[in-house]
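Report on one structure; see the data block that follows.
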Amino acid sequence: MDIRSKTPNGRTVVLLHGKNFCAATWVNTVNVLVAQNFRVVVPDQIGFCKSDKPDNYQFSFQELARNTHDLLAHLGIDRAVLVGHSTGGMLAIRYGLMYPASVEQLVLVDPIGLEDWKALGVPSLSVNDWYAREQKTTDASIRAYETQVYYAGVWQPAYEQWVQMLAGMYRGPGRDIVAWSSARLYDMIYTQPVVYELGHLRVPTVLMVGDKDTTAIGRDAAPPQVRATLGHYPVLAKNAVAAIPDSKLVEFPDLGHSPQLQDPKRFHAALLNALAH
């Protein structure tokens, strides 16, 4: 989606979705930004949602960043602010490392990849293992996971549309393609942490985190003693800001993995403040 204001301010914001999200989950943020006269570009990445899910595609953050850069070039956009949530935050970091001259600013919203789960003891799962897990996805499993991690244990009826958005992709004849793409994406996330390269970023960066976020890919497969050490976002966020030059931390003490959905008013106030400075 490419949404333009009738009175443009000359700036473009690219919104990058997370693993269990689609471009559509940014709808409230799009409306807020367009009202402030930003041009907003919101893609579904390859392998996700309404984009293609090719069998022969080698998923990597480099490839997804390259796709995004090519998309912006096609649209005539030389420089943009990148706002990346969750896995989209990992992608935004990779984009910033690859194309610093094209980045006005990074805003990272509860990005994952701030710790190396495999190095910390989370056992490796094969792509076939991930596929078997994805085949078991249901409305109930999505709702339970999102309640605990995304919304800090507090469920609101407004979140149900995003459960159904994701669950709908696992219904009908396309479910195997969706599950296989998702399995390969989980493998990409697990094997390609960005934590070791944060110090190489050379673009202004704002990190926004919900302190009650506990996201850690593969945590349930890890031994209990390892599980307890993972996903401590207040610590991870402070370590990340210490590593990233020219960066700033914004914390939401009572929110989880998705502050833009859990408390849109507070999140958008913080986002507009970040964009103004």
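By convention in this document, the chains of the structure tokens carry letters A, B, ... by their order, each chain's residues are numbered from 1, and ligands are numbered from 1 in the order they are shown.
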Q: Name the residues of segment 63-111 of chain A that fall into strand (DSSP E) according to DSSP on the backbone, using the chain letters and numbers of this document, as an NGL selection string.
A: :A and (80-85 or 103-109)
Pull C-alpha atoms from the residues just selected and write them as an mmCIF file, in the first residue's frame.
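part14.cif was written with the following content:
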```cif
data_model
loop_
_atom_site.group_PDB
_atom_site.id
_atom_site.type_symbol
_atom_site.label_atom_id
_atom_site.label_comp_id
_atom_site.auth_asym_id
_atom_site.auth_seq_id
_atom_site.Cartn_x
_atom_site.Cartn_y
_atom_site.Cartn_z
ATOM 1 C CA ALA A 80 12.699 7.238 4.174
ATOM 2 C CA VAL A 81 12.018 6.632 7.837
ATOM 3 C CA LEU A 82 11.704 2.910 8.560
ATOM 4 C CA VAL A 83 9.401 1.821 11.373
ATOM 5 C CA GLY A 84 9.843 -1.889 12.018
ATOM 6 C CA HIS A 85 7.914 -4.002 14.526
ATOM 7 C CA VAL A 103 17.560 5.816 5.811
ATOM 8 C CA GLU A 104 16.492 9.061 7.441
ATOM 9 C CA GLN A 105 15.746 7.360 10.745
ATOM 10 C CA LEU A 106 15.000 3.928 12.231
ATOM 11 C CA VAL A 107 12.174 3.400 14.702
ATOM 12 C CA LEU A 108 12.357 -0.114 16.126
ATOM 13 C CA VAL A 109 9.232 -1.315 17.933
#
```
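Going from atom CA of Arg79 of chain A to atom CA of Gly10 of chain A covers 10.4 Å.
Proximity ranking of A:Arg94, A:Arg227, A:His277, A:Arg184 relative to Val206 of chain A places A:His277 first, based on only C-alpha atoms.
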Q. If you run DSSP on this backbone, which residues of segment 64-106 of chain A come out as helix (DSSP H, G or I), and could you give them as number ranges by chain?
A. A: 64-74, 87-98, 100-102
Those residues you just picked out, can you put them in a file as a PDB file, in the first residue's frame with C-alpha atoms?
```
ATOM      1  CA  LEU A  64      13.927  -8.969   2.168  1.00  0.00           C
ATOM      2  CA  ALA A  65      15.877  -5.732   2.632  1.00  0.00           C
ATOM      3  CA  ARG A  66      16.903  -5.806  -1.024  1.00  0.00           C
ATOM      4  CA  ASN A  67      13.286  -6.336  -2.075  1.00  0.00           C
ATOM      5  CA  THR A  68      12.199  -3.389   0.050  1.00  0.00           C
ATOM      6  CA  HIS A  69      14.940  -1.155  -1.331  1.00  0.00           C
ATOM      7  CA  ASP A  70      13.971  -2.097  -4.892  1.00  0.00           C
ATOM      8  CA  LEU A  71      10.318  -1.376  -4.105  1.00  0.00           C
ATOM      9  CA  LEU A  72      11.152   2.108  -2.804  1.00  0.00           C
ATOM     10  CA  ALA A  73      13.347   2.807  -5.827  1.00  0.00           C
ATOM     11  CA  HIS A  74      10.455   1.754  -8.066  1.00  0.00           C
ATOM     12  CA  THR A  87      10.584  -9.298  12.881  1.00  0.00           C
ATOM     13  CA  GLY A  88      10.093  -6.070  10.920  1.00  0.00           C
ATOM     14  CA  GLY A  89      12.507  -4.518  13.412  1.00  0.00           C
ATOM     15  CA  MET A  90      15.133  -7.113  12.498  1.00  0.00           C
ATOM     16  CA  LEU A  91      14.501  -6.274   8.854  1.00  0.00           C
ATOM     17  CA  ALA A  92      14.760  -2.536   9.510  1.00  0.00           C
ATOM     18  CA  ILE A  93      18.129  -3.046  11.201  1.00  0.00           C
ATOM     19  CA  ARG A  94      19.402  -5.101   8.274  1.00  0.00           C
ATOM     20  CA  TYR A  95      18.131  -2.437   5.873  1.00  0.00           C
ATOM     21  CA  GLY A  96      19.918   0.258   7.880  1.00  0.00           C
ATOM     22  CA  LEU A  97      23.162  -1.721   7.744  1.00  0.00           C
ATOM     23  CA  MET A  98      22.888  -2.301   3.994  1.00  0.00           C
ATOM     24  CA  PRO A 100      22.406   3.731   5.451  1.00  0.00           C
ATOM     25  CA  ALA A 101      22.293   6.555   2.900  1.00  0.00           C
ATOM     26  CA  SER A 102      18.654   5.670   2.159  1.00  0.00           C
TER      27      SER A 102
END
```
(Q) Taking 3 positions as the minimum chain separation for residues in the same chain, which residues sit within 8 Å of segment 212-216 of chain A when counting only C-alpha atoms? Answer as an NGL selection string. (A) :A and (110 or 112 or 117 or 149-150 or 152 or 209 or 219 or 230-233 or 253-257)
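Shortest separation to Ile142 of chain A among A:Met208, A:Val195, A:Met165, A:Val122 occurs at residue A:Met165, atoms counted being only C-alpha atoms.
Proximity to Thr191 of chain A was assessed for A:Ser124, A:Asn56, A:Asn37, A:Gln260 counting only C-alpha atoms; the smallest distance is recorded for A:Ser124.
Taking atom CA of Ser258 of chain A and atom CA of Ser181 of chain A as endpoints, the distance between them is 22.8 Å.
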